[in-house]
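J.: Let me give you the structure first, and then I'll get to my questions.
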Amino acid sequence: MLNIGVLVSGGGTNLQALIDAVDDGRITNGKIVTVLSNREGAYALKRAEQAGIPTKILVSKQYADRADFERDVVAHMKANGVELIVMAGFMCIMGETLLSAYQNKIINVHPSLIPSFCGDGYYGLHVHEAALARGVKVTGATVHFVNEITDGGPIILQKSVDILDSDTPEILQKRVMEEAEWVILPKAVDLICNNKIKIIDNIVREA
Ligand code: GAR
């Protein structure tokens, strides 16, 4: 059984997708042992509490030095026996301190088909605004391992979503979540919990 720690910043619908997938057996051999938010009042914390999962708040903005924030995140995760960290709508870019403590043990969900609309500045609604402004006809979501390049780690799963003429950024964001993120994030976690994938030369392959 792999102990999972989830990092959140906001609404927590991806966290909810993970909670539901553990409950209904789409994720096996994994247990969410802690949910950590970098913001007070994130609704994701309520979702965790409702599911009986212990929560922790470390307000990133209160740290002058990002490495100190990361050190506290690592300490919390280690204290809880966390073996896999899932960034589920977590809006902080993490650096060496966290990455070296959890090498190839951190995954992130991003609301586009990487390498489109990703990297610094592309998060949340901005991603969908950029996709609509560019006029792409297909977008989607990606789950990837986290490395030192923002949104640049090995890709685990992707799922496409068609763009419609009637889409606004908000409508598109919701559809990408429903049709892609909430599907592939639990799937990726299940693959990892069951040792089904490995990374070879930066590419994710079946184990
Ligand atoms: C999701 O769309 C997630 O992919 C995105 O923020 C939203 C969070 O929603 N994450 C990023 O943009 C990270 N670069 P949630 O809090 O309801 O899961």
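Each chain of the structure tokens is named A, B, ... in the order shown, its residues numbered from 1; ligands are numbered from 1 in display order.
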Per residue of stretch 152-184 of chain A within 9 Å of stretch 126-140 of chain A, note the shortest atom pair and the distance in Å to one decimal, counting only C-alpha atoms, and order the rows by chain and increasing residue number, as CSV.
T.:
```
residue,atom,partner,partner_atom,distance
A:Gln158,CA,A:Gly140,CA,7.2
A:Lys159,CA,A:Gly140,CA,5.5
A:Ser160,CA,A:Gly140,CA,4.1
A:Val161,CA,A:Gly140,CA,4.7
A:Asp162,CA,A:Val138,CA,4.5
A:Ile163,CA,A:Lys137,CA,5.1
A:Leu164,CA,A:Lys137,CA,7.5
A:Asp167,CA,A:Leu132,CA,8.0
A:Thr168,CA,A:Leu132,CA,7.8
A:Pro169,CA,A:His128,CA,5.1
A:Glu170,CA,A:His128,CA,7.8
A:Leu172,CA,A:His128,CA,6.7
A:Gln173,CA,A:His128,CA,6.3
A:Val176,CA,A:Gly140,CA,5.8
A:Met177,CA,A:Gly140,CA,8.6
A:Glu179,CA,A:Gly140,CA,8.4
A:Ala180,CA,A:Gly140,CA,6.3
A:Glu181,CA,A:Gly140,CA,8.1
```
J.: Could you write out that same residue set with all heavy atoms as a short mmCIF file (atom, residue, chain, number, x, y, z; two decimals), in the first residue's frame?
T.:
```cif
data_model
loop_
_atom_site.label_atom_id
_atom_site.label_comp_id
_atom_site.auth_asym_id
_atom_site.auth_seq_id
_atom_site.Cartn_x
_atom_site.Cartn_y
_atom_site.Cartn_z
N GLN A 158 -2.17 11.30 -21.15
CA GLN A 158 -2.81 12.50 -21.71
C GLN A 158 -4.18 12.11 -22.23
O GLN A 158 -4.39 10.97 -22.65
CB GLN A 158 -1.99 13.08 -22.86
CG GLN A 158 -0.63 13.61 -22.40
CD GLN A 158 0.11 14.35 -23.49
OE1 GLN A 158 0.44 13.76 -24.50
NE2 GLN A 158 0.37 15.63 -23.28
N LYS A 159 -5.09 13.09 -22.25
CA LYS A 159 -6.40 12.84 -22.83
C LYS A 159 -6.87 14.11 -23.52
O LYS A 159 -6.76 15.20 -22.95
CB LYS A 159 -7.41 12.42 -21.75
CG LYS A 159 -8.71 11.87 -22.29
CD LYS A 159 -9.50 11.14 -21.20
CE LYS A 159 -10.71 10.42 -21.79
NZ LYS A 159 -11.75 11.33 -22.30
N SER A 160 -7.37 13.96 -24.74
CA SER A 160 -7.76 15.14 -25.52
C SER A 160 -9.22 15.50 -25.29
O SER A 160 -10.04 14.66 -24.91
CB SER A 160 -7.51 14.89 -27.01
OG SER A 160 -8.35 13.84 -27.45
N VAL A 161 -9.51 16.77 -25.53
CA VAL A 161 -10.88 17.30 -25.42
C VAL A 161 -11.07 18.25 -26.59
O VAL A 161 -10.24 19.13 -26.83
CB VAL A 161 -11.06 18.07 -24.08
CG1 VAL A 161 -12.41 18.77 -24.02
CG2 VAL A 161 -10.89 17.14 -22.89
N ASP A 162 -12.17 18.08 -27.34
CA ASP A 162 -12.44 18.97 -28.48
C ASP A 162 -12.85 20.36 -27.99
O ASP A 162 -13.55 20.49 -26.99
CB ASP A 162 -13.57 18.41 -29.34
CG ASP A 162 -13.11 17.23 -30.17
OD1 ASP A 162 -11.89 17.06 -30.34
OD2 ASP A 162 -13.98 16.47 -30.64
N ILE A 163 -12.42 21.37 -28.73
CA ILE A 163 -12.85 22.74 -28.42
C ILE A 163 -14.05 23.09 -29.29
O ILE A 163 -14.08 22.76 -30.48
CB ILE A 163 -11.68 23.72 -28.63
CG1 ILE A 163 -10.63 23.47 -27.52
CG2 ILE A 163 -12.17 25.16 -28.62
CD1 ILE A 163 -9.47 24.43 -27.52
N LEU A 164 -15.04 23.71 -28.69
CA LEU A 164 -16.27 24.07 -29.40
C LEU A 164 -16.31 25.58 -29.63
O LEU A 164 -15.72 26.36 -28.85
CB LEU A 164 -17.49 23.65 -28.57
CG LEU A 164 -17.51 22.19 -28.09
CD1 LEU A 164 -18.74 21.93 -27.21
CD2 LEU A 164 -17.49 21.24 -29.28
N ASP A 167 -17.25 27.77 -26.68
CA ASP A 167 -16.48 27.71 -25.44
C ASP A 167 -16.03 29.08 -24.93
O ASP A 167 -15.59 29.92 -25.70
CB ASP A 167 -15.23 26.83 -25.62
CG ASP A 167 -15.53 25.36 -25.41
OD1 ASP A 167 -16.52 25.04 -24.74
OD2 ASP A 167 -14.76 24.53 -25.94
N THR A 168 -16.13 29.27 -23.63
CA THR A 168 -15.47 30.37 -22.92
C THR A 168 -14.35 29.68 -22.11
O THR A 168 -14.38 28.45 -21.94
CB THR A 168 -16.42 31.07 -21.94
OG1 THR A 168 -16.82 30.10 -20.95
CG2 THR A 168 -17.66 31.62 -22.66
N PRO A 169 -13.39 30.44 -21.58
CA PRO A 169 -12.37 29.79 -20.77
C PRO A 169 -12.98 28.98 -19.62
O PRO A 169 -12.53 27.86 -19.34
CB PRO A 169 -11.55 30.98 -20.24
CG PRO A 169 -11.70 32.03 -21.29
CD PRO A 169 -13.10 31.88 -21.80
N GLU A 170 -14.01 29.51 -19.00
CA GLU A 170 -14.62 28.82 -17.85
C GLU A 170 -15.30 27.52 -18.28
O GLU A 170 -15.18 26.49 -17.60
CB GLU A 170 -15.65 29.72 -17.15
CG GLU A 170 -15.06 30.90 -16.41
CD GLU A 170 -14.67 32.07 -17.32
OE1 GLU A 170 -14.99 32.04 -18.54
OE2 GLU A 170 -14.05 33.03 -16.80
N LEU A 172 -14.67 25.77 -20.97
CA LEU A 172 -13.64 24.82 -21.41
C LEU A 172 -12.91 24.21 -20.22
O LEU A 172 -12.64 23.00 -20.19
CB LEU A 172 -12.65 25.55 -22.34
CG LEU A 172 -11.54 24.68 -22.94
CD1 LEU A 172 -12.12 23.52 -23.75
CD2 LEU A 172 -10.63 25.54 -23.82
N GLN A 173 -12.61 25.04 -19.23
CA GLN A 173 -11.92 24.53 -18.03
C GLN A 173 -12.72 23.39 -17.39
O GLN A 173 -12.18 22.35 -17.04
CB GLN A 173 -11.73 25.66 -17.02
CG GLN A 173 -11.05 25.21 -15.73
CD GLN A 173 -10.90 26.34 -14.73
OE1 GLN A 173 -11.85 27.07 -14.44
NE2 GLN A 173 -9.70 26.51 -14.22
N VAL A 176 -12.62 20.23 -19.60
CA VAL A 176 -11.31 19.56 -19.54
C VAL A 176 -11.17 18.80 -18.22
O VAL A 176 -10.64 17.69 -18.18
CB VAL A 176 -10.16 20.59 -19.74
CG1 VAL A 176 -8.81 19.98 -19.37
CG2 VAL A 176 -10.14 21.08 -21.18
N MET A 177 -11.68 19.41 -17.15
CA MET A 177 -11.63 18.69 -15.87
C MET A 177 -12.46 17.41 -15.93
O MET A 177 -11.96 16.32 -15.63
CB MET A 177 -12.19 19.59 -14.76
CG MET A 177 -11.25 20.67 -14.31
SD MET A 177 -12.13 21.71 -13.13
CE MET A 177 -10.76 22.49 -12.31
N GLU A 179 -13.83 15.70 -18.47
CA GLU A 179 -13.56 14.68 -19.50
C GLU A 179 -12.13 14.15 -19.45
O GLU A 179 -11.86 13.06 -19.92
CB GLU A 179 -13.83 15.25 -20.91
CG GLU A 179 -15.28 15.54 -21.16
CD GLU A 179 -15.55 16.07 -22.56
OE1 GLU A 179 -14.65 16.00 -23.43
OE2 GLU A 179 -16.66 16.58 -22.78
N ALA A 180 -11.23 14.95 -18.89
CA ALA A 180 -9.82 14.52 -18.95
C ALA A 180 -9.17 14.42 -17.56
O ALA A 180 -8.79 13.33 -17.13
CB ALA A 180 -9.03 15.49 -19.84
N GLU A 181 -9.07 15.53 -16.84
CA GLU A 181 -8.29 15.51 -15.59
C GLU A 181 -8.80 14.48 -14.59
O GLU A 181 -8.01 13.71 -14.02
CB GLU A 181 -8.32 16.90 -14.93
CG GLU A 181 -7.63 17.96 -15.76
CD GLU A 181 -7.61 19.31 -15.08
OE1 GLU A 181 -7.24 19.38 -13.90
OE2 GLU A 181 -7.97 20.31 -15.73
#
```
J.: Return as a ChimeraX atom specification the residues of protein, DNA or RNA that approach ligand 1 to within 10 Å, with only C-alpha atoms and all ligand atoms taken into account.
T.: /A:7-18,42-44,87-93,108-112,117-128,140-143,150-151,173-178,180-182,185
J.: Nearest to A:Val73: which of A:Val6, A:Ala188, A:Cys193, A:Ala21 is it, counting only C-alpha atoms?
T.: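 Comparing A:Val6, A:Ala188, A:Cys193, A:Ala21 against A:Val73, the winner is A:Val6.
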J.: Using only C-alpha atoms, can you tell me which of A:Ile53, A:Ile27, A:Arg205, A:Thr34 comes closest to A:Ile184?
T.: A:Ile27
J.: Please identify all polymer residues within 9 Å of A:Asn194, counting only C-alpha atoms, omitting same-chain residues fewer than 2 positions from it, and present them as a VMD selection string.
T.: chain A and resid 1 to 2 27 to 30 189 to 192 196 to 197
J.: From a DSSP calculation on the backbone, collect every residue of chain A in strand (DSSP E or B) and output the set as a PyMOL selection string.
T.: chain A and resi 2-8+30-37+55-57+84-87+106-110+138-145+155-162+197-200+203-206
J.: What's the 10 Å shell around A:Val204, counting only C-alpha atoms, without same-chain residues fewer than 2 positions away, as an mmCIF file with N, CA and C atoms, in the first residue's frame?
T.:
```cif
data_model
loop_
_atom_site.group_PDB
_atom_site.id
_atom_site.type_symbol
_atom_site.label_atom_id
_atom_site.label_comp_id
_atom_site.auth_asym_id
_atom_site.auth_seq_id
_atom_site.Cartn_x
_atom_site.Cartn_y
_atom_site.Cartn_z
ATOM 1 N N HIS A 144 1.936 14.203 -15.426
ATOM 2 C CA HIS A 144 3.366 13.985 -15.673
ATOM 3 C C HIS A 144 4.134 13.947 -14.356
ATOM 4 N N PHE A 145 5.301 13.331 -14.419
ATOM 5 C CA PHE A 145 6.211 13.409 -13.279
ATOM 6 C C PHE A 145 6.773 14.821 -13.226
ATOM 7 N N GLY A 153 8.455 17.361 -17.008
ATOM 8 C CA GLY A 153 8.831 16.000 -16.626
ATOM 9 C C GLY A 153 8.169 14.948 -17.501
ATOM 10 N N PRO A 154 8.609 13.705 -17.369
ATOM 11 C CA PRO A 154 8.078 12.604 -18.179
ATOM 12 C C PRO A 154 6.551 12.506 -18.114
ATOM 13 N N ILE A 155 5.946 12.351 -19.284
ATOM 14 C CA ILE A 155 4.481 12.321 -19.397
ATOM 15 C C ILE A 155 3.959 10.920 -19.106
ATOM 16 N N ILE A 156 2.975 10.846 -18.216
ATOM 17 C CA ILE A 156 2.383 9.549 -17.848
ATOM 18 C C ILE A 156 1.141 9.271 -18.690
ATOM 19 N N LEU A 157 0.184 10.193 -18.685
ATOM 20 C CA LEU A 157 -1.054 10.014 -19.441
ATOM 21 C C LEU A 157 -1.519 11.353 -19.997
ATOM 22 N N ILE A 197 4.383 1.276 -14.169
ATOM 23 C CA ILE A 197 5.169 2.107 -15.087
ATOM 24 C C ILE A 197 6.568 2.349 -14.544
ATOM 25 N N LYS A 198 7.466 2.649 -15.494
ATOM 26 C CA LYS A 198 8.837 3.016 -15.118
ATOM 27 C C LYS A 198 9.295 4.113 -16.069
ATOM 28 N N ILE A 199 10.348 4.819 -15.670
ATOM 29 C CA ILE A 199 10.883 5.891 -16.521
ATOM 30 C C ILE A 199 12.203 5.408 -17.110
ATOM 31 N N ILE A 200 12.273 5.455 -18.441
ATOM 32 C CA ILE A 200 13.537 5.092 -19.105
ATOM 33 C C ILE A 200 13.911 6.245 -20.029
ATOM 34 N N ASP A 201 15.076 6.854 -19.789
ATOM 35 C CA ASP A 201 15.535 7.991 -20.604
ATOM 36 C C ASP A 201 14.444 9.061 -20.739
ATOM 37 N N ASN A 202 13.841 9.420 -19.612
ATOM 38 C CA ASN A 202 12.841 10.495 -19.588
ATOM 39 C C ASN A 202 11.496 10.139 -20.225
ATOM 40 N N GLU A 206 5.669 1.044 -19.939
ATOM 41 C CA GLU A 206 5.064 -0.002 -19.104
ATOM 42 C C GLU A 206 6.168 -0.737 -18.366
ATOM 43 N N ALA A 207 5.917 -1.041 -17.099
ATOM 44 C CA ALA A 207 6.956 -1.757 -16.321
ATOM 45 C C ALA A 207 6.876 -3.257 -16.596
#
```
J.: Can you tell me how far atom CA of A:Pro115 sits from atom CA of A:Ala67, in Å to one decimal?
T.: 27.1 Å
J.: Rounded to one decimal place, report the atom CA of A:His76-atom CA of A:Ile57 distance in Å.
T.: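 Separation of atom CA of A:His76 and atom CA of A:Ile57: 10.2 Å.
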J.: Enumerate as a PyMOL selection string all residues of stretch 39-196 of chain A assigned to alpha helix (DSSP H) by DSSP on the backbone, naming them with the chain letters and numbers the document uses.
T.: chain A and resi 43-50+66-79+96-101+125-134+169-176+182-193
